[in-house]
Number of protein chains: 4
Amino acid sequence: MTEQNDMLDILLNSEEKLTEKQKRILEAALEIFAEKGFSATSTSEIAKKAGVAEGTIFRHYKTKKDLLLSIVAPTMAKLIAPFIIRDINKVLNTKYERYEDFLKAMILNRQAFLKENMAAFRILIQEIPFHPEMKEQFKEHVASKVYERFTHLVEFYKDKGQIIDLPTEAVIRFTASSVFGFLLIRHLFLPEADWDDEKEIEMTIRMVMNGIRVEE
Amino acid sequence: MTEQNDMLDILLNSEEKLTEKQKRILEAALEIFAEKGFSATSTSEIAKKAGVAEGTIFRHYKTKKDLLLSIVAPTMAKLIAPFIIRDINKVLNTKYERYEDFLKAMILNRQAFLKENMAAFRILIQEIPFHPEMKEQFKEHVASKVYERFTHLVEFYKDKGQIIDLPTEAVIRFTASSVFGFLLIRHLFLPEADWDDEKEIEMTIRMVMNGIRVEE
Amino acid sequence: MTEQNDMLDILLNSEEKLTEKQKRILEAALEIFAEKGFSATSTSEIAKKAGVAEGTIFRHYKTKKDLLLSIVAPTMAKLIAPFIIRDINKVLNTKYERYEDFLKAMILNRQAFLKENMAAFRILIQEIPFHPEMKEQFKEHVASKVYERFTHLVEFYKDKGQIIDLPTEAVIRFTASSVFGFLLIRHLFLPEADWDDEKEIEMTIRMVMNGIRVEE
Amino acid sequence: MTEQNDMLDILLNSEEKLTEKQKRILEAALEIFAEKGFSATSTSEIAKKAGVAEGTIFRHYKTKKDLLLSIVAPTMAKLIAPFIIRDINKVLNTKYERYEDFLKAMILNRQAFLKENMAAFRILIQEIPFHPEMKEQFKEHVASKVYERFTHLVEFYKDKGQIIDLPTEAVIRFTASSVFGFLLIRHLFLPEADWDDEKEIEMTIRMVMNGIRVEE
DNA sequence: GATGAATGAGACTTCATTCAT
DNA sequence: GATGAATGAAGTCTCATTCAT
């Protein structure tokens with residue numbers, strides 16, 4: 001519960017009580033980090049884009065890395081927010097009659113998130129490999145949490161006879177790959193293509209469900 | 001054909017005529033780039049790890065970026081090598097009776113590649129977003145080439161009545177997501193877990209095939 | 001007389017009319033300057049230790065150097081206070097029958113001073129070499145004043161036949177070295193050793209007097 | 001013996017194998033540190049005075065503090081060199097018939113040293129209070145070594161009936177204060193005065209010896 | 001071919017000081 | 001009177017690259 005509160009704290013406290021200049025710094029950093037990467041971005045560049053003195057950055061963020069974390073931590077928190085929050089009233093765990101209904105709801109929800117937070121999300125996945133503490137935090141607070149939740153879900157639908165009797169991990173991996181594959185191609189690699197989201201999502205879900213439906 | 005020859009040139013010429021020191025430099029760079037990222041790596045660090053003088057690096061590679069490219073370009077080439085080479089004798093296009101046989105062969109082949117070239121592959125996907133020419137090259141020489149090939153393949157098996165009648169792109173995306181999803185989780189995210197590759201690959205293919213088999 | 005009044009002014013006005021915060025700032029500065037040196041101390045550090053805002057320091061002291069002077073100037077004044085004050089009623093010049101009685105009184109008096117003002121004294125001697133105006137002030141108001149007084153004294157006791165007929169400067173230097181030598185070792189270098197002040201002072205005076213007593 | 005070798009190593013290795021530029025850097029640093037103090041000196045100032053690029057300083061000295069140490073450590077070593085070296089052939093411990101002969105030899109020797117190394121010596125005593133490791137090294141390698149040697153000497157001359165029966169520490173302190181007092185005033189505080197060294201030293205020794213000669 | 005000293009631009013960060021609140 | 005956000009100059013240090021040896 002404490003860990004979840006950590007994340008919730010971050011969620012609720014971020015983006016509040018921020019000076020005007022602080023917001024401008026965050027925004028500028030977000031944009032340039034996403035474009036050039038953390039290491040290749042200089043604080044003077046950020047300052048210029050934010051329209052503040054370079055010293056101002058360091059009044060609010062002790063180090064450049066601090067600035068990175070203040071972008072990445074809330075993003076991690078938001079990334080798993082729906083999973084945590086729903087945990088609170090466990091009933092909703094199984095709100096959906098069918099696995100595919102759950103899938104669709106989740107895709108739509110996370111797609112909305114990605115649309116709004118693409119830059120921060122890119123920074124997150126770009127930088128995680130190079131910062132062991134971030135990696136650790138991600139594993140501990142994000143991945144494991146989401147994985148655990150999916151395990152419950154998949155087993156719930158297995159019991160209902162909706163899902164094939166393959167190892168839960170394999171089912172999750174398969175589902176997640178298909179969903180993330182779609183989302184990343186859609187929003188990260190080819191965002192400017194002309195997408196019919198409704199249809200694409202439907203097809204994706206259909207193939208996934210075919211893939212894991214109980215075979216006769 | 002010229003482009004393919006470009007790639008083939010790279011393939012055949014790389015790792016030849018390299019002095020002992022040059023090899024040590026490449027190896028050191030490969031390791032540190034993968035660990036810390038290109039921008040966060042200093043040439044002096046590379047020199048130290050390679051056991052050469054700082055100046056020696058610049059005798060062989062005009063700039064630090066050049067060094068990166070001399071790692072990344074051959075990796076791109078090798079990445080698509082099987083697709084290019086097989087193009088040469090077009091007959092083999094359809095060497096495999098069933099789509100799943102093709103899938104299995106491809107997974108095994110690319111898995112072998114990844115095992116041997118993990119570090120270079122990581123560098124490639126980490127740095128592509130930050131270097132427009134690399135991105136361009138990747139799209140032009142790698143992605144489009146592979147995509148084109150897959151298009152032929154999927155349509156070939158569609159004609160044989162093995163694959164569902166959904167848009168080819170969707171089928172490719174779905175297949176690729178599932179395959180890459182497995183490979184990345186297996187080799188990038190959880191390489192030290194205890195994997196039964198044989199079984200995992202079989203399950204992955206089974207779900208993919210279920211997902212796209214012609215429904216009755 | 002004016003110069004002396006300057007010093008007296010400083011003496012009497014210091015530590016008065018100081019707000020609570022001002023006192024805390026002085027105290028904090030005193031402590032950190034003594035520990036790390038003037039240049040290596042930052043105003044923000046002082047502010048933090050004093051528990052005031054950074055700006056508050058500059059409300060009371062125009063510059064950081066001003067803050068230093070407001071510590072050092074009173075210390076200089078107190079350092080020579082006994083010499084100046086006694087000047088006022090010249091009779092006391094020769095209050096003591098014997099040179100050694102004078103020496104003993106002086107040692108005890110200045111030792112008491114040092115005990116109470118060690119930090120400020122350290123700052124004074126550490127910073128004097130780097131601030132020409134301070135050096136000037138010290139020479140003019142402190143050193144020359146004390147030297148002049150000692151000259152009178154030594155010559156007085158010479159006339160009484162108590163002191164050897166060597167150049168007065170040499171006698172003063174010798175006396176002062178022995179006395180300061182003791183005081184500095186006692187309070188600056190080895191303050192935590194277990195000292196029998198009574199006995200040490202007696203021995204010091206005995207050796208000094210042997211050194212300069214009229215030889216038979 | 002090891003510690004002495006440490007110091008000897010420093011002695012013998014310093015000032016050798018130094019680049020032309022490195023020498024200029026050391027010289028410039030020496031001068032400015034002595035004039036303004038370590039903390040108040042900027043590396044850019046040193047670079048300018050030395051006529052090198054600022055980066056060049058950091059090729060030879062990892063940090064600014066390193067540069068300080070490379071000045072201070074050899075100075076400490078040279079400061080006690082005569083005491084260490086003489087230790088090697090212990091016979092010479094008592095080369096001099098009378099304590100005053102020893103004193104005179106020592107004063108002349110150390111005066112020559114001070115004349116040549118005034119700047120470095122000033123830096124040493126100015127910075128020691130602010131750098132715990134330097135303080136530690138000074139206590140361990142310099143002070144204790146010299147003190148130990150003086151103890152032997154004073155007791156040797158006590159046994160010969162030349163020195164008064166007061167605690168050895170007090171005798172040493174008294175002697176050292178008088179000698180250092182003279183040397184510091186002569187070379188540090190009033191170097192430009194017109195000194196008759198021969199005579200001043202003679203007087204100093206005379207007073208010291210009077211002070212500690214066996215009383216009849 | 002190899003070295004490593006030298007460079008100077010620029011990186012991150014600190015700092016004394018100002019000023020609107 | 002007090003605050004602390006803001007500043008920009010300056011500080012220390014790193015870096016890719018060059019070049020004489």
# chains A, B, ... in the order shown; residues from 1 in each chain; ligands from 1
>>> residues_around(residues="F:DT12", least_positions_apart="4", cutoff="9 Å", atoms="only C-alpha atoms (C1' of nucleotides)", output="list of chain:residue names")
D:Ser42, D:Thr43, D:Thr63, D:Lys64, E:DT13
>>> residues_around(residues="stretch 21-28 of chain C", least_positions_apart="5", cutoff="6 Å", atoms="only C-alpha atoms (C1' of nucleotides)", output="list in words")
Ile46, Lys49 and Ala50 of chain C
>>> write_last_selection(atoms="N, CA and C atoms", output="mmCIF file, in the first residue's frame")
data_model
loop_
_atom_site.group_PDB
_atom_site.id
_atom_site.type_symbol
_atom_site.label_atom_id
_atom_site.label_comp_id
_atom_site.auth_asym_id
_atom_site.auth_seq_id
_atom_site.Cartn_x
_atom_site.Cartn_y
_atom_site.Cartn_z
ATOM 1 N N ILE C 46 25.523 30.371 5.035
ATOM 2 C CA ILE C 46 25.353 31.172 6.251
ATOM 3 C C ILE C 46 23.871 31.357 6.541
ATOM 4 N N LYS C 49 22.357 28.188 7.946
ATOM 5 C CA LYS C 49 22.760 27.941 9.343
ATOM 6 C C LYS C 49 22.114 28.947 10.292
ATOM 7 N N ALA C 50 21.950 30.182 9.802
ATOM 8 C CA ALA C 50 21.365 31.211 10.664
ATOM 9 C C ALA C 50 19.842 31.104 10.707
#
>>> residues_around(residues="C:Arg186", least_positions_apart="4", cutoff="12 Å", atoms="only C-alpha atoms (C1' of nucleotides)", output="ChimeraX atom specification")
/C:107,111,114-115,118,179-182,190-197,200-201 /D:170,173
>>> residues_around(residues="stretch 133-139 of chain C", least_positions_apart="2", cutoff="12 Å", atoms="only C-alpha atoms (C1' of nucleotides)", output="count of residues only")
36
>>> select_by_dssp(residues="stretch 1-211 of chain C", states="alpha helix (DSSP H)", output="PyMOL selection string")
chain C and resi 2-13+20-36+43-50+54-60+64-88+99-127+132-137+144-159+168-184+197-211
>>> residues_around(residues="B:Ser178", least_positions_apart="2", cutoff="6 Å", atoms="only C-alpha atoms (C1' of nucleotides)", output="number ranges by chain")
A: 174, 177-178; B: 175-176, 180-181
>>> closest_atom_pairs(of="chain F", to="chain B", cutoff="10 Å", atoms="only C-alpha atoms (C1' of nucleotides)", output="Markdown table")
| residue | atom | partner | partner_atom | distance |
| --- | --- | --- | --- | --- |
| F:DT14 | C1' | B:Ser42 | CA | 9.0 |
| F:DC15 | C1' | B:Ser42 | CA | 7.1 |
| F:DA16 | C1' | B:Thr43 | CA | 7.4 |
| F:DT17 | C1' | B:Phe58 | CA | 7.9 |
| F:DT18 | C1' | B:Gly55 | CA | 8.7 |
| F:DC19 | C1' | B:Gly55 | CA | 9.8 |
>>> write_last_selection(atoms="C-alpha atoms (C1' of nucleotides)", output="mmCIF file, in the first residue's frame")
data_model
loop_
_atom_site.group_PDB
_atom_site.id
_atom_site.type_symbol
_atom_site.label_atom_id
_atom_site.label_comp_id
_atom_site.auth_asym_id
_atom_site.auth_seq_id
_atom_site.Cartn_x
_atom_site.Cartn_y
_atom_site.Cartn_z
ATOM 1 C "C1'" DT F 14 35.015 17.569 -19.566
ATOM 2 C "C1'" DC F 15 35.263 16.763 -24.190
ATOM 3 C "C1'" DA F 16 36.122 15.894 -29.128
ATOM 4 C "C1'" DT F 17 39.530 16.903 -31.848
ATOM 5 C "C1'" DT F 18 44.343 18.357 -33.564
ATOM 6 C "C1'" DC F 19 49.153 17.970 -34.252
#
>>> closest_residue(among="C:Lys158, C:His60, C:Arg110, C:Arg122", to="chain D", atoms="only C-alpha atoms")
C:Arg122
>>> closest_atom_pairs(of="chain E", to="chain A", cutoff="12 Å", atoms="only C-alpha atoms (C1' of nucleotides)", output="JSON lines")
{"residue": "E:DG10", "atom": "C1'", "partner": "A:Ser42", "partner_atom": "CA", "distance": 9.4}
{"residue": "E:DA11", "atom": "C1'", "partner": "A:Ser42", "partner_atom": "CA", "distance": 7.1}
{"residue": "E:DC12", "atom": "C1'", "partner": "A:Thr43", "partner_atom": "CA", "distance": 7.6}
{"residue": "E:DT13", "atom": "C1'", "partner": "A:Phe58", "partner_atom": "CA", "distance": 7.6}
{"residue": "E:DT14", "atom": "C1'", "partner": "A:Gly55", "partner_atom": "CA", "distance": 8.7}
{"residue": "E:DC15", "atom": "C1'", "partner": "A:Gly55", "partner_atom": "CA", "distance": 9.8}
>>> write_last_selection(atoms="N, CA and C atoms (P, O5', C5', C4', C3', O3' and C1' of nucleotides)", output="mmCIF file, in the first residue's frame")
data_model
loop_
_atom_site.group_PDB
_atom_site.id
_atom_site.type_symbol
_atom_site.label_atom_id
_atom_site.label_comp_id
_atom_site.auth_asym_id
_atom_site.auth_seq_id
_atom_site.Cartn_x
_atom_site.Cartn_y
_atom_site.Cartn_z
ATOM 1 P P DG E 10 30.816 26.671 -28.486
ATOM 2 O "O5'" DG E 10 30.323 25.742 -27.286
ATOM 3 C "C5'" DG E 10 30.609 24.346 -27.324
ATOM 4 C "C4'" DG E 10 30.394 23.765 -25.947
ATOM 5 C "C3'" DG E 10 29.184 24.347 -25.207
ATOM 6 O "O3'" DG E 10 28.551 23.286 -24.516
ATOM 7 C "C1'" DG E 10 31.039 24.452 -23.847
ATOM 8 P P DA E 11 27.030 23.211 -24.427
ATOM 9 O "O5'" DA E 11 26.849 22.240 -23.189
ATOM 10 C "C5'" DA E 11 27.452 20.947 -23.222
ATOM 11 C "C4'" DA E 11 27.864 20.549 -21.836
ATOM 12 C "C3'" DA E 11 26.878 20.965 -20.766
ATOM 13 O "O3'" DA E 11 26.031 19.878 -20.450
ATOM 14 C "C1'" DA E 11 29.125 21.442 -20.113
ATOM 15 P P DC E 12 24.729 20.219 -19.674
ATOM 16 O "O5'" DC E 12 25.281 20.314 -18.184
ATOM 17 C "C5'" DC E 12 25.874 19.164 -17.615
ATOM 18 C "C4'" DC E 12 26.420 19.524 -16.253
ATOM 19 C "C3'" DC E 12 25.353 19.964 -15.243
ATOM 20 O "O3'" DC E 12 25.636 19.280 -14.027
ATOM 21 C "C1'" DC E 12 27.036 21.634 -15.425
ATOM 22 P P DT E 13 24.620 19.334 -12.797
ATOM 23 O "O5'" DT E 13 25.178 20.593 -12.016
ATOM 24 C "C5'" DT E 13 26.533 20.560 -11.564
ATOM 25 C "C4'" DT E 13 26.911 21.884 -10.958
ATOM 26 C "C3'" DT E 13 25.910 22.451 -9.941
ATOM 27 O "O3'" DT E 13 26.536 22.314 -8.681
ATOM 28 C "C1'" DT E 13 26.803 24.147 -11.358
ATOM 29 P P DT E 14 25.893 22.943 -7.366
ATOM 30 O "O5'" DT E 14 26.611 24.359 -7.297
ATOM 31 C "C5'" DT E 14 28.018 24.397 -7.257
ATOM 32 C "C4'" DT E 14 28.470 25.817 -7.011
ATOM 33 C "C3'" DT E 14 27.814 26.481 -5.804
ATOM 34 O "O3'" DT E 14 28.876 27.132 -5.128
ATOM 35 C "C1'" DT E 14 27.498 27.820 -7.718
ATOM 36 P P DC E 15 28.653 27.638 -3.670
ATOM 37 O "O5'" DC E 15 28.528 29.207 -3.944
ATOM 38 C "C5'" DC E 15 29.468 29.764 -4.853
ATOM 39 C "C4'" DC E 15 29.092 31.187 -5.144
ATOM 40 C "C3'" DC E 15 28.304 31.854 -4.025
ATOM 41 O "O3'" DC E 15 29.126 32.848 -3.457
ATOM 42 C "C1'" DC E 15 27.322 32.253 -6.186
#
>>> atom_distance(atom1="atom C1' of F:DG4", atom2="atom CA of A:Val52")
16.6 Å
>>> decode(residues="stretch 9-21 of chain E", atoms="all heavy atoms", output="short mmCIF file (atom, residue, chain, number, x, y, z; two decimals), in the first residue's frame")
data_model
loop_
_atom_site.label_atom_id
_atom_site.label_comp_id
_atom_site.auth_asym_id
_atom_site.auth_seq_id
_atom_site.Cartn_x
_atom_site.Cartn_y
_atom_site.Cartn_z
P DA E 9 36.95 29.20 -28.40
OP1 DA E 9 37.62 29.63 -29.65
OP2 DA E 9 36.72 30.15 -27.28
"O5'" DA E 9 35.58 28.50 -28.79
"C5'" DA E 9 35.61 27.25 -29.50
"C4'" DA E 9 34.64 26.26 -28.85
"O4'" DA E 9 35.27 25.58 -27.74
"C3'" DA E 9 33.38 26.92 -28.29
"O3'" DA E 9 32.28 26.16 -28.76
"C2'" DA E 9 33.54 26.84 -26.78
"C1'" DA E 9 34.39 25.57 -26.63
N9 DA E 9 35.22 25.52 -25.43
C8 DA E 9 35.98 26.53 -24.90
N7 DA E 9 36.64 26.17 -23.82
C5 DA E 9 36.31 24.85 -23.64
C6 DA E 9 36.68 23.89 -22.66
N6 DA E 9 37.53 24.15 -21.67
N1 DA E 9 36.16 22.65 -22.77
C2 DA E 9 35.32 22.40 -23.78
N3 DA E 9 34.90 23.20 -24.75
C4 DA E 9 35.43 24.43 -24.62
P DG E 10 30.82 26.67 -28.49
OP1 DG E 10 30.07 26.31 -29.70
OP2 DG E 10 30.84 28.06 -27.98
"O5'" DG E 10 30.32 25.74 -27.29
"C5'" DG E 10 30.61 24.35 -27.32
"C4'" DG E 10 30.39 23.77 -25.95
"O4'" DG E 10 31.52 24.04 -25.10
"C3'" DG E 10 29.18 24.35 -25.21
"O3'" DG E 10 28.55 23.29 -24.52
"C2'" DG E 10 29.82 25.29 -24.21
"C1'" DG E 10 31.04 24.45 -23.85
N9 DG E 10 32.06 25.14 -23.11
C8 DG E 10 32.45 26.45 -23.25
N7 DG E 10 33.40 26.80 -22.40
C5 DG E 10 33.62 25.64 -21.67
C6 DG E 10 34.53 25.40 -20.61
O6 DG E 10 35.32 26.18 -20.09
N1 DG E 10 34.43 24.09 -20.14
C2 DG E 10 33.58 23.13 -20.65
N2 DG E 10 33.62 21.93 -20.08
N3 DG E 10 32.73 23.35 -21.65
C4 DG E 10 32.81 24.62 -22.10
P DA E 11 27.03 23.21 -24.43
OP1 DA E 11 26.52 22.57 -25.64
OP2 DA E 11 26.57 24.56 -24.03
"O5'" DA E 11 26.85 22.24 -23.19
"C5'" DA E 11 27.45 20.95 -23.22
"C4'" DA E 11 27.86 20.55 -21.84
"O4'" DA E 11 29.08 21.24 -21.50
"C3'" DA E 11 26.88 20.96 -20.77
"O3'" DA E 11 26.03 19.88 -20.45
"C2'" DA E 11 27.74 21.28 -19.55
"C1'" DA E 11 29.12 21.44 -20.11
N9 DA E 11 29.66 22.78 -19.91
C8 DA E 11 29.42 23.89 -20.66
N7 DA E 11 30.07 24.96 -20.25
C5 DA E 11 30.77 24.52 -19.15
C6 DA E 11 31.64 25.15 -18.27
N6 DA E 11 31.97 26.44 -18.36
N1 DA E 11 32.17 24.41 -17.27
C2 DA E 11 31.84 23.12 -17.17
N3 DA E 11 31.03 22.41 -17.95
C4 DA E 11 30.53 23.18 -18.93
P DC E 12 24.73 20.22 -19.67
OP1 DC E 12 23.86 19.03 -19.78
OP2 DC E 12 24.23 21.55 -20.06
"O5'" DC E 12 25.28 20.31 -18.18
"C5'" DC E 12 25.87 19.16 -17.62
"C4'" DC E 12 26.42 19.52 -16.25
"O4'" DC E 12 27.33 20.63 -16.38
"C3'" DC E 12 25.35 19.96 -15.24
"O3'" DC E 12 25.64 19.28 -14.03
"C2'" DC E 12 25.54 21.47 -15.13
"C1'" DC E 12 27.04 21.63 -15.42
N1 DC E 12 27.44 22.95 -16.02
C2 DC E 12 28.47 23.71 -15.45
O2 DC E 12 29.03 23.27 -14.45
N3 DC E 12 28.81 24.89 -16.01
C4 DC E 12 28.19 25.33 -17.09
N4 DC E 12 28.58 26.51 -17.61
C5 DC E 12 27.14 24.58 -17.70
C6 DC E 12 26.80 23.41 -17.14
P DT E 13 24.62 19.33 -12.80
OP1 DT E 13 24.86 18.16 -11.96
OP2 DT E 13 23.26 19.64 -13.30
"O5'" DT E 13 25.18 20.59 -12.02
"C5'" DT E 13 26.53 20.56 -11.56
"C4'" DT E 13 26.91 21.88 -10.96
"O4'" DT E 13 27.01 22.89 -11.98
"C3'" DT E 13 25.91 22.45 -9.94
"O3'" DT E 13 26.54 22.31 -8.68
"C2'" DT E 13 25.68 23.89 -10.36
"C1'" DT E 13 26.80 24.15 -11.36
N1 DT E 13 26.54 25.11 -12.46
C2 DT E 13 27.28 26.27 -12.49
O2 DT E 13 28.11 26.55 -11.65
N3 DT E 13 27.01 27.10 -13.55
C4 DT E 13 26.09 26.88 -14.56
O4 DT E 13 25.94 27.71 -15.45
C5 DT E 13 25.34 25.66 -14.47
C7 DT E 13 24.30 25.33 -15.50
C6 DT E 13 25.60 24.84 -13.44
P DT E 14 25.89 22.94 -7.37
OP1 DT E 14 26.39 22.15 -6.24
OP2 DT E 14 24.45 23.16 -7.57
"O5'" DT E 14 26.61 24.36 -7.30
"C5'" DT E 14 28.02 24.40 -7.26
"C4'" DT E 14 28.47 25.82 -7.01
"O4'" DT E 14 28.15 26.64 -8.15
"C3'" DT E 14 27.81 26.48 -5.80
"O3'" DT E 14 28.88 27.13 -5.13
"C2'" DT E 14 26.80 27.44 -6.42
"C1'" DT E 14 27.50 27.82 -7.72
N1 DT E 14 26.66 28.22 -8.88
C2 DT E 14 27.05 29.32 -9.62
O2 DT E 14 28.01 29.98 -9.35
N3 DT E 14 26.24 29.59 -10.70
C4 DT E 14 25.12 28.90 -11.10
O4 DT E 14 24.49 29.24 -12.09
C5 DT E 14 24.77 27.76 -10.28
C7 DT E 14 23.59 26.94 -10.64
C6 DT E 14 25.55 27.48 -9.24
P DC E 15 28.65 27.64 -3.67
OP1 DC E 15 29.90 27.41 -2.94
OP2 DC E 15 27.37 27.14 -3.15
"O5'" DC E 15 28.53 29.21 -3.94
"C5'" DC E 15 29.47 29.76 -4.85
"C4'" DC E 15 29.09 31.19 -5.14
"O4'" DC E 15 28.26 31.22 -6.31
"C3'" DC E 15 28.30 31.85 -4.02
"O3'" DC E 15 29.13 32.85 -3.46
"C2'" DC E 15 27.07 32.43 -4.70
"C1'" DC E 15 27.32 32.25 -6.19
N1 DC E 15 26.13 31.80 -6.93
C2 DC E 15 25.78 32.45 -8.11
O2 DC E 15 26.46 33.40 -8.50
N3 DC E 15 24.70 32.02 -8.79
C4 DC E 15 23.99 30.98 -8.34
N4 DC E 15 22.93 30.59 -9.05
C5 DC E 15 24.34 30.31 -7.13
C6 DC E 15 25.40 30.74 -6.46
P DA E 16 28.75 33.49 -2.10
OP1 DA E 16 29.97 33.48 -1.28
OP2 DA E 16 27.51 32.90 -1.57
"O5'" DA E 16 28.47 34.99 -2.56
"C5'" DA E 16 29.48 35.68 -3.27
"C4'" DA E 16 28.89 36.87 -3.98
"O4'" DA E 16 27.84 36.44 -4.87
"C3'" DA E 16 28.26 37.90 -3.05
"O3'" DA E 16 28.57 39.18 -3.62
"C2'" DA E 16 26.77 37.59 -3.11
"C1'" DA E 16 26.61 37.04 -4.52
N9 DA E 16 25.61 35.98 -4.69
C8 DA E 16 25.35 34.93 -3.86
N7 DA E 16 24.41 34.11 -4.27
C5 DA E 16 24.02 34.66 -5.47
C6 DA E 16 23.04 34.27 -6.41
N6 DA E 16 22.28 33.18 -6.29
N1 DA E 16 22.89 35.04 -7.50
C2 DA E 16 23.66 36.12 -7.65
N3 DA E 16 24.62 36.59 -6.83
C4 DA E 16 24.74 35.81 -5.75
P DT E 17 28.21 40.45 -2.78
OP1 DT E 17 29.20 41.47 -3.16
OP2 DT E 17 27.99 40.11 -1.36
"O5'" DT E 17 26.82 40.85 -3.43
"C5'" DT E 17 26.78 41.06 -4.84
"C4'" DT E 17 25.36 41.12 -5.33
"O4'" DT E 17 24.73 39.83 -5.27
"C3'" DT E 17 24.42 42.05 -4.55
"O3'" DT E 17 24.08 43.13 -5.43
"C2'" DT E 17 23.21 41.20 -4.21
"C1'" DT E 17 23.35 40.05 -5.21
N1 DT E 17 22.70 38.78 -4.82
C2 DT E 17 21.73 38.28 -5.66
O2 DT E 17 21.38 38.83 -6.69
N3 DT E 17 21.16 37.10 -5.24
C4 DT E 17 21.47 36.39 -4.09
O4 DT E 17 20.89 35.34 -3.84
C5 DT E 17 22.50 36.97 -3.26
C7 DT E 17 22.90 36.28 -2.00
C6 DT E 17 23.05 38.12 -3.66
P DT E 18 23.18 44.31 -4.99
OP1 DT E 18 23.74 45.49 -5.63
OP2 DT E 18 22.97 44.25 -3.53
"O5'" DT E 18 21.80 43.97 -5.71
"C5'" DT E 18 21.83 43.65 -7.10
"C4'" DT E 18 20.42 43.37 -7.59
"O4'" DT E 18 19.99 42.10 -7.08
"C3'" DT E 18 19.37 44.38 -7.12
"O3'" DT E 18 18.58 44.69 -8.27
"C2'" DT E 18 18.58 43.65 -6.05
"C1'" DT E 18 18.69 42.22 -6.53
N1 DT E 18 18.61 41.13 -5.50
C2 DT E 18 17.80 40.05 -5.76
O2 DT E 18 17.11 39.95 -6.75
N3 DT E 18 17.81 39.09 -4.78
C4 DT E 18 18.55 39.09 -3.61
O4 DT E 18 18.48 38.16 -2.82
C5 DT E 18 19.39 40.24 -3.42
C7 DT E 18 20.22 40.34 -2.19
C6 DT E 18 19.38 41.20 -4.36
P DC E 19 17.65 45.97 -8.30
OP1 DC E 19 17.73 46.50 -9.67
OP2 DC E 19 17.94 46.81 -7.12
"O5'" DC E 19 16.21 45.33 -8.10
"C5'" DC E 19 15.86 44.15 -8.86
"C4'" DC E 19 14.52 43.62 -8.37
"O4'" DC E 19 14.72 42.68 -7.31
"C3'" DC E 19 13.59 44.70 -7.81
"O3'" DC E 19 12.28 44.36 -8.20
"C2'" DC E 19 13.75 44.55 -6.31
"C1'" DC E 19 13.92 43.04 -6.20
N1 DC E 19 14.62 42.57 -4.99
C2 DC E 19 14.34 41.29 -4.50
O2 DC E 19 13.51 40.59 -5.07
N3 DC E 19 14.99 40.87 -3.38
C4 DC E 19 15.89 41.66 -2.80
N4 DC E 19 16.51 41.20 -1.72
C5 DC E 19 16.19 42.96 -3.29
C6 DC E 19 15.53 43.38 -4.39
P DA E 20 11.27 45.52 -8.66
OP1 DA E 20 11.69 45.92 -10.01
OP2 DA E 20 11.13 46.51 -7.58
"O5'" DA E 20 9.91 44.69 -8.78
"C5'" DA E 20 9.93 43.40 -9.42
"C4'" DA E 20 9.04 42.42 -8.65
"O4'" DA E 20 9.72 41.99 -7.44
"C3'" DA E 20 7.70 42.98 -8.22
"O3'" DA E 20 6.71 41.97 -8.40
"C2'" DA E 20 7.90 43.34 -6.74
"C1'" DA E 20 8.91 42.28 -6.31
N9 DA E 20 9.83 42.71 -5.25
C8 DA E 20 10.44 43.92 -5.10
N7 DA E 20 11.24 44.01 -4.07
C5 DA E 20 11.14 42.75 -3.49
C6 DA E 20 11.74 42.19 -2.34
N6 DA E 20 12.59 42.86 -1.57
N1 DA E 20 11.43 40.91 -2.04
C2 DA E 20 10.58 40.25 -2.83
N3 DA E 20 9.96 40.66 -3.92
C4 DA E 20 10.29 41.94 -4.20
P DT E 21 5.22 42.21 -8.05
OP1 DT E 21 4.43 41.38 -8.97
OP2 DT E 21 5.01 43.68 -7.94
"O5'" DT E 21 5.09 41.57 -6.60
"C5'" DT E 21 5.34 40.17 -6.44
"C4'" DT E 21 5.27 39.83 -4.98
"O4'" DT E 21 6.38 40.45 -4.27
"C3'" DT E 21 4.00 40.31 -4.28
"O3'" DT E 21 3.24 39.19 -3.88
"C2'" DT E 21 4.50 41.13 -3.09
"C1'" DT E 21 5.94 40.70 -2.96
N1 DT E 21 6.88 41.71 -2.38
C2 DT E 21 7.61 41.35 -1.26
O2 DT E 21 7.52 40.29 -0.73
N3 DT E 21 8.45 42.34 -0.81
C4 DT E 21 8.63 43.61 -1.34
O4 DT E 21 9.41 44.40 -0.83
C5 DT E 21 7.83 43.90 -2.50
C7 DT E 21 7.94 45.24 -3.14
C6 DT E 21 7.00 42.95 -2.97
#
